[in-house]
Amino acid sequence: MESAEDWLVESLRLYQDFHAFELSGATRVLEWVGDKGVLVAGYERQKKNEILHLLLPLRLSVKENQGLFPERDFTVRHGGFSDRSILALKHVPGTRLLVTSGRPGGRLQVWQTAEDSDVISAVSNIAVDEEEGRLWPRLAIVPSMAPSVLHGARLRGLKIIDLESGKTTYSSGVEDGEELSSLQALDADTFAFCCCSGRLGLVDTRQKWAPVEIPRPSPVSEEQRWCAEVRAGDQPSIASLGSAGQLRLLDPRQLHCPVGSAQCPVSTPSPDPELLRVSWAPGLSNCLAISGFDGTVQVHDTSCWEPAGSLAEPVFTHRGHVCLEGSEGDPAPLVTTHTWHPGKPRMVLSAAGDASLHVWDWVDPRPSR
């Protein structure tokens, strides 16, 4: 394993900016509030977990490097406590509302950040029909006039709830028990789902349940788990990531015609498929990141992929969680989640199971990039 000293020297070449922080507890959520704040939350069982609204250090908030800044750490803007593990957290844009999900999975919680204090307080609960032990509802905020949340642990439990009235405005109305891994609202009327099996679908909520979908990848394996993310815009694309490192690209306008596929270089299948994460870079064409296999985050340029199914080498790999944390001989912490900065093309936030939080602005090692 590369030593911390060697990696720190190498990091001067690898990063435009790099900052390492330590949270009070590990987080599986990194949710942006604007482009200067991020929400984190603990996920330990049988204890109170913190929910924190953190402001980025001023140095990371400005558009260009403008010299030295006295504040080099995150600032806590708001904070609160939950008596449940928080495995999903979404901020409702344009409001002070947050929605959380976790274990036990019998309800969602709605929170609000105070205007005149630093408190995050619970304001209501949303009952969830399906309470099934290890399962917990996936979340997505629907971009509509009235704040709404899409949630479900299985396809049969998919619902959209109006957060103001608490009324159900949409329900799948099916008996399909496939377990969900991710949900994403694309606009006020459509959303995408990915099942743990790799089954993908696009749903129009103005119609009776009739998703445009593609079945699970072949060969079918009960041990394989999948997650996915949709890139919207003029050239929409769906990236689907398997727990053994397979990546599939699909055009949401023609789901049955895969655009590409590749095998990412992972040493072993994900030890915890719930931590699998694939995310499109909002400011870079054809660029995505993956994590959940080990202590690294890989960045891939899909335009560089060779013929379908070949090994796809990342253009950049963040190894900071492996090289900086722990002592020699200790197992490397597993990356629990990552997210791209909404306004800085190559800036990424990543968190690991040892409560480390890294902010890194990577340098593309390829010429003329």
# chains A, B, ... in the order shown; residues from 1 in each chain; ligands from 1
call {"tool": "select_by_dssp", "arguments": {"residues": "region 33-275 of chain A", "states": "helix (DSSP H, G or I)", "output": "list in words"}}
result
Leu58, Arg59, Leu60, Ser61, Leu155, Arg156, Gly157, Pro273, Glu274 and Leu275 of chain A
call {"tool": "residues_around", "arguments": {"residues": "region 161-175 of chain A", "least_positions_apart": "6", "cutoff": "6 Å", "atoms": "only C-alpha atoms", "output": "ChimeraX atom specification"}}
result
/A:147-149,209
call {"tool": "residues_around", "arguments": {"residues": "region 339-349 of chain A", "least_positions_apart": "5", "cutoff": "7 Å", "atoms": "only C-alpha atoms", "output": "number ranges by chain"}}
result
A: 30, 35, 281-284, 358-362
call {"tool": "write_last_selection", "arguments": {"atoms": "N, CA, C and O atoms", "output": "mmCIF file, in the first residue's frame"}}
result
data_model
loop_
_atom_site.group_PDB
_atom_site.id
_atom_site.type_symbol
_atom_site.label_atom_id
_atom_site.label_comp_id
_atom_site.auth_asym_id
_atom_site.auth_seq_id
_atom_site.Cartn_x
_atom_site.Cartn_y
_atom_site.Cartn_z
ATOM 1 N N LEU A 30 -24.649 12.606 1.368
ATOM 2 C CA LEU A 30 -24.037 13.894 1.072
ATOM 3 C C LEU A 30 -25.019 14.608 0.150
ATOM 4 O O LEU A 30 -25.121 14.278 -1.034
ATOM 5 N N ASP A 35 -24.836 25.603 -3.597
ATOM 6 C CA ASP A 35 -23.490 25.151 -3.969
ATOM 7 C C ASP A 35 -22.454 25.434 -2.887
ATOM 8 O O ASP A 35 -21.255 25.259 -3.098
ATOM 9 N N ALA A 281 -21.121 13.464 -13.748
ATOM 10 C CA ALA A 281 -20.573 14.787 -13.456
ATOM 11 C C ALA A 281 -21.440 15.837 -14.140
ATOM 12 O O ALA A 281 -21.600 15.799 -15.368
ATOM 13 N N PRO A 282 -22.021 16.777 -13.377
ATOM 14 C CA PRO A 282 -22.918 17.752 -14.002
ATOM 15 C C PRO A 282 -22.222 18.731 -14.941
ATOM 16 O O PRO A 282 -22.860 19.294 -15.835
ATOM 17 N N GLY A 283 -20.907 18.916 -14.772
ATOM 18 C CA GLY A 283 -20.203 19.905 -15.580
ATOM 19 C C GLY A 283 -19.208 19.339 -16.573
ATOM 20 O O GLY A 283 -18.456 20.104 -17.189
ATOM 21 N N LEU A 284 -19.177 18.013 -16.745
ATOM 22 C CA LEU A 284 -18.237 17.379 -17.675
ATOM 23 C C LEU A 284 -18.991 16.413 -18.579
ATOM 24 O O LEU A 284 -19.782 15.590 -18.096
ATOM 25 N N HIS A 358 -13.718 13.921 2.480
ATOM 26 C CA HIS A 358 -12.718 14.546 1.621
ATOM 27 C C HIS A 358 -13.375 15.416 0.565
ATOM 28 O O HIS A 358 -14.422 15.055 0.015
ATOM 29 N N VAL A 359 -12.758 16.550 0.301
ATOM 30 C CA VAL A 359 -13.163 17.431 -0.792
ATOM 31 C C VAL A 359 -11.965 17.513 -1.730
ATOM 32 O O VAL A 359 -10.889 17.936 -1.323
ATOM 33 N N TRP A 360 -12.158 17.085 -2.981
ATOM 34 C CA TRP A 360 -11.020 17.030 -3.889
ATOM 35 C C TRP A 360 -11.395 17.510 -5.285
ATOM 36 O O TRP A 360 -12.435 17.173 -5.826
ATOM 37 N N ASP A 361 -10.516 18.344 -5.808
ATOM 38 C CA ASP A 361 -10.666 18.901 -7.151
ATOM 39 C C ASP A 361 -9.536 18.295 -7.983
ATOM 40 O O ASP A 361 -8.385 18.724 -7.894
ATOM 41 N N TRP A 362 -9.874 17.274 -8.754
ATOM 42 C CA TRP A 362 -8.842 16.476 -9.420
ATOM 43 C C TRP A 362 -8.367 17.114 -10.714
ATOM 44 O O TRP A 362 -9.074 17.848 -11.377
#
call {"tool": "closest_residue", "arguments": {"among": "A:Thr75, A:Glu31, A:Ala352, A:Ala114", "to": "Val99 (chain A)", "atoms": "only C-alpha atoms"}}
result
A:Glu31
call {"tool": "atom_distance", "arguments": {"atom1": "CA of Pro314 (chain A)", "atom2": "CA of Asp251 (chain A)"}}
result
21.9 Å
call {"tool": "residues_around", "arguments": {"residues": "region 257-259 of chain A", "least_positions_apart": "6", "cutoff": "10 Å", "atoms": "only C-alpha atoms", "output": "ChimeraX atom specification"}}
result
/A:214,237-239,248-251,308
call {"tool": "write_last_selection", "arguments": {"atoms": "all heavy atoms", "output": "PDB file, in the first residue's frame"}}
result
ATOM      1  N   ILE A 214     -36.438  -2.027 -19.148  1.00  0.00           N
ATOM      2  CA  ILE A 214     -35.542  -3.046 -19.676  1.00  0.00           C
ATOM      3  C   ILE A 214     -35.332  -4.072 -18.581  1.00  0.00           C
ATOM      4  O   ILE A 214     -35.172  -3.726 -17.403  1.00  0.00           O
ATOM      5  CB  ILE A 214     -34.202  -2.416 -20.128  1.00  0.00           C
ATOM      6  CG1 ILE A 214     -33.304  -3.463 -20.788  1.00  0.00           C
ATOM      7  CG2 ILE A 214     -33.474  -1.749 -18.976  1.00  0.00           C
ATOM      8  CD1 ILE A 214     -32.077  -2.869 -21.467  1.00  0.00           C
ATOM      9  N   SER A 237     -28.713  10.037 -20.677  1.00  0.00           N
ATOM     10  CA  SER A 237     -28.106   8.708 -20.608  1.00  0.00           C
ATOM     11  C   SER A 237     -28.341   8.118 -19.228  1.00  0.00           C
ATOM     12  O   SER A 237     -28.436   8.845 -18.235  1.00  0.00           O
ATOM     13  CB  SER A 237     -26.600   8.795 -20.894  1.00  0.00           C
ATOM     14  OG  SER A 237     -26.000   7.508 -20.889  1.00  0.00           O
ATOM     15  N   ILE A 238     -28.454   6.804 -19.163  1.00  0.00           N
ATOM     16  CA  ILE A 238     -28.574   6.098 -17.896  1.00  0.00           C
ATOM     17  C   ILE A 238     -27.312   5.277 -17.693  1.00  0.00           C
ATOM     18  O   ILE A 238     -26.924   4.501 -18.565  1.00  0.00           O
ATOM     19  CB  ILE A 238     -29.801   5.168 -17.865  1.00  0.00           C
ATOM     20  CG1 ILE A 238     -31.089   5.958 -18.108  1.00  0.00           C
ATOM     21  CG2 ILE A 238     -29.886   4.427 -16.530  1.00  0.00           C
ATOM     22  CD1 ILE A 238     -32.329   5.082 -18.200  1.00  0.00           C
ATOM     23  N   ALA A 239     -26.669   5.458 -16.552  1.00  0.00           N
ATOM     24  CA  ALA A 239     -25.525   4.635 -16.168  1.00  0.00           C
ATOM     25  C   ALA A 239     -25.995   3.651 -15.109  1.00  0.00           C
ATOM     26  O   ALA A 239     -26.562   4.055 -14.092  1.00  0.00           O
ATOM     27  CB  ALA A 239     -24.391   5.492 -15.632  1.00  0.00           C
ATOM     28  N   ARG A 248     -23.170  -0.308 -17.418  1.00  0.00           N
ATOM     29  CA  ARG A 248     -23.954  -0.276 -18.651  1.00  0.00           C
ATOM     30  C   ARG A 248     -24.410   1.151 -18.913  1.00  0.00           C
ATOM     31  O   ARG A 248     -24.770   1.869 -17.981  1.00  0.00           O
ATOM     32  CB  ARG A 248     -25.205  -1.159 -18.530  1.00  0.00           C
ATOM     33  CG  ARG A 248     -24.956  -2.627 -18.362  1.00  0.00           C
ATOM     34  CD  ARG A 248     -26.277  -3.385 -18.479  1.00  0.00           C
ATOM     35  NE  ARG A 248     -27.258  -2.947 -17.472  1.00  0.00           N
ATOM     36  CZ  ARG A 248     -28.564  -3.186 -17.551  1.00  0.00           C
ATOM     37  NH1 ARG A 248     -29.064  -3.831 -18.597  1.00  0.00           N
ATOM     38  NH2 ARG A 248     -29.386  -2.768 -16.595  1.00  0.00           N
ATOM     39  N   LEU A 249     -24.403   1.554 -20.176  1.00  0.00           N
ATOM     40  CA  LEU A 249     -24.935   2.843 -20.587  1.00  0.00           C
ATOM     41  C   LEU A 249     -26.139   2.603 -21.477  1.00  0.00           C
ATOM     42  O   LEU A 249     -26.090   1.790 -22.409  1.00  0.00           O
ATOM     43  CB  LEU A 249     -23.895   3.663 -21.345  1.00  0.00           C
ATOM     44  CG  LEU A 249     -22.637   4.091 -20.592  1.00  0.00           C
ATOM     45  CD1 LEU A 249     -21.785   4.987 -21.478  1.00  0.00           C
ATOM     46  CD2 LEU A 249     -22.989   4.804 -19.299  1.00  0.00           C
ATOM     47  N   LEU A 250     -27.236   3.330 -21.182  1.00  0.00           N
ATOM     48  CA  LEU A 250     -28.470   3.179 -21.935  1.00  0.00           C
ATOM     49  C   LEU A 250     -29.021   4.546 -22.290  1.00  0.00           C
ATOM     50  O   LEU A 250     -28.860   5.513 -21.529  1.00  0.00           O
ATOM     51  CB  LEU A 250     -29.506   2.411 -21.112  1.00  0.00           C
ATOM     52  CG  LEU A 250     -29.073   1.016 -20.666  1.00  0.00           C
ATOM     53  CD1 LEU A 250     -29.547   0.734 -19.254  1.00  0.00           C
ATOM     54  CD2 LEU A 250     -29.621  -0.034 -21.606  1.00  0.00           C
ATOM     55  N   ASP A 251     -29.681   4.619 -23.437  1.00  0.00           N
ATOM     56  CA  ASP A 251     -30.367   5.837 -23.851  1.00  0.00           C
ATOM     57  C   ASP A 251     -31.812   5.727 -23.374  1.00  0.00           C
ATOM     58  O   ASP A 251     -32.529   4.808 -23.772  1.00  0.00           O
ATOM     59  CB  ASP A 251     -30.325   5.965 -25.379  1.00  0.00           C
ATOM     60  CG  ASP A 251     -30.881   7.291 -25.861  1.00  0.00           C
ATOM     61  OD1 ASP A 251     -31.736   7.879 -25.167  1.00  0.00           O
ATOM     62  OD2 ASP A 251     -30.467   7.741 -26.951  1.00  0.00           O
ATOM     63  N   ALA A 308     -17.551  -2.966 -26.474  1.00  0.00           N
ATOM     64  CA  ALA A 308     -18.402  -3.355 -25.349  1.00  0.00           C
ATOM     65  C   ALA A 308     -17.806  -4.511 -24.555  1.00  0.00           C
ATOM     66  O   ALA A 308     -17.333  -5.496 -25.115  1.00  0.00           O
ATOM     67  CB  ALA A 308     -19.788  -3.743 -25.868  1.00  0.00           C
TER      68      ALA A 308
END
call {"tool": "select_by_dssp", "arguments": {"residues": "region 111-256 of chain A", "states": "strand (DSSP E or B)", "output": "PyMOL selection string"}}
result
chain A and resi 111-113+119-127+138-142+148-152+154+159-162+168-171+179-185+190-195+200-204+212-214+226-231+237-242+246-251+254-256
call {"tool": "atom_distance", "arguments": {"atom1": "CA of Ala146 (chain A)", "atom2": "CA of Ile160 (chain A)"}}
result
11.4 Å
call {"tool": "closest_residue", "arguments": {"among": "A:Glu179, A:Glu222, A:Asp354, A:Asp83", "to": "Arg28 (chain A)", "atoms": "only C-alpha atoms"}}
result
A:Asp354
call {"tool": "residues_around", "arguments": {"residues": "region 294-297 of chain A", "least_positions_apart": "5", "cutoff": "7 Å", "atoms": "only C-alpha atoms", "output": "PDB file with N, CA, C and O atoms, in the first residue's frame"}}
result
ATOM      1  N   ALA A 289     -18.567   8.968 -11.950  1.00  0.00           N
ATOM      2  CA  ALA A 289     -17.761   8.421 -10.853  1.00  0.00           C
ATOM      3  C   ALA A 289     -18.483   7.226 -10.257  1.00  0.00           C
ATOM      4  O   ALA A 289     -19.720   7.162 -10.255  1.00  0.00           O
ATOM      5  N   THR A 317      -8.316   8.149 -10.072  1.00  0.00           N
ATOM      6  CA  THR A 317      -8.756   7.391  -8.907  1.00  0.00           C
ATOM      7  C   THR A 317      -8.356   8.135  -7.644  1.00  0.00           C
ATOM      8  O   THR A 317      -7.174   8.438  -7.450  1.00  0.00           O
ATOM      9  N   HIS A 318      -9.349   8.436  -6.812  1.00  0.00           N
ATOM     10  CA  HIS A 318      -9.064   9.089  -5.532  1.00  0.00           C
ATOM     11  C   HIS A 318      -8.762   8.007  -4.497  1.00  0.00           C
ATOM     12  O   HIS A 318      -9.617   7.179  -4.176  1.00  0.00           O
ATOM     13  N   ARG A 319      -7.547   8.021  -3.956  1.00  0.00           N
ATOM     14  CA  ARG A 319      -7.099   7.019  -2.982  1.00  0.00           C
ATOM     15  C   ARG A 319      -6.893   7.616  -1.594  1.00  0.00           C
ATOM     16  O   ARG A 319      -6.324   6.978  -0.715  1.00  0.00           O
ATOM     17  N   HIS A 321      -8.781   8.173   1.003  1.00  0.00           N
ATOM     18  CA  HIS A 321      -9.339   7.490   2.168  1.00  0.00           C
ATOM     19  C   HIS A 321      -8.494   6.271   2.549  1.00  0.00           C
ATOM     20  O   HIS A 321      -8.476   5.848   3.707  1.00  0.00           O
ATOM     21  N   VAL A 322      -7.811   5.693   1.571  1.00  0.00           N
ATOM     22  CA  VAL A 322      -6.957   4.530   1.823  1.00  0.00           C
ATOM     23  C   VAL A 322      -5.618   4.967   2.392  1.00  0.00           C
ATOM     24  O   VAL A 322      -5.106   4.377   3.355  1.00  0.00           O
ATOM     25  N   ALA A 332      -8.548  -0.928   5.018  1.00  0.00           N
ATOM     26  CA  ALA A 332      -8.897   0.399   4.507  1.00  0.00           C
ATOM     27  C   ALA A 332     -10.391   0.639   4.686  1.00  0.00           C
ATOM     28  O   ALA A 332     -11.200  -0.277   4.517  1.00  0.00           O
ATOM     29  N   PRO A 333     -10.782   1.858   5.034  1.00  0.00           N
ATOM     30  CA  PRO A 333     -12.206   2.153   5.182  1.00  0.00           C
ATOM     31  C   PRO A 333     -12.911   2.097   3.832  1.00  0.00           C
ATOM     32  O   PRO A 333     -12.340   2.439   2.795  1.00  0.00           O
ATOM     33  N   LEU A 334     -14.158   1.668   3.838  1.00  0.00           N
ATOM     34  CA  LEU A 334     -14.963   1.590   2.623  1.00  0.00           C
ATOM     35  C   LEU A 334     -15.610   2.951   2.365  1.00  0.00           C
ATOM     36  O   LEU A 334     -16.159   3.568   3.285  1.00  0.00           O
ATOM     37  N   VAL A 335     -15.516   3.435   1.136  1.00  0.00           N
ATOM     38  CA  VAL A 335     -16.200   4.678   0.785  1.00  0.00           C
ATOM     39  C   VAL A 335     -17.701   4.431   0.854  1.00  0.00           C
ATOM     40  O   VAL A 335     -18.225   3.482   0.262  1.00  0.00           O
TER      41      VAL A 335
END
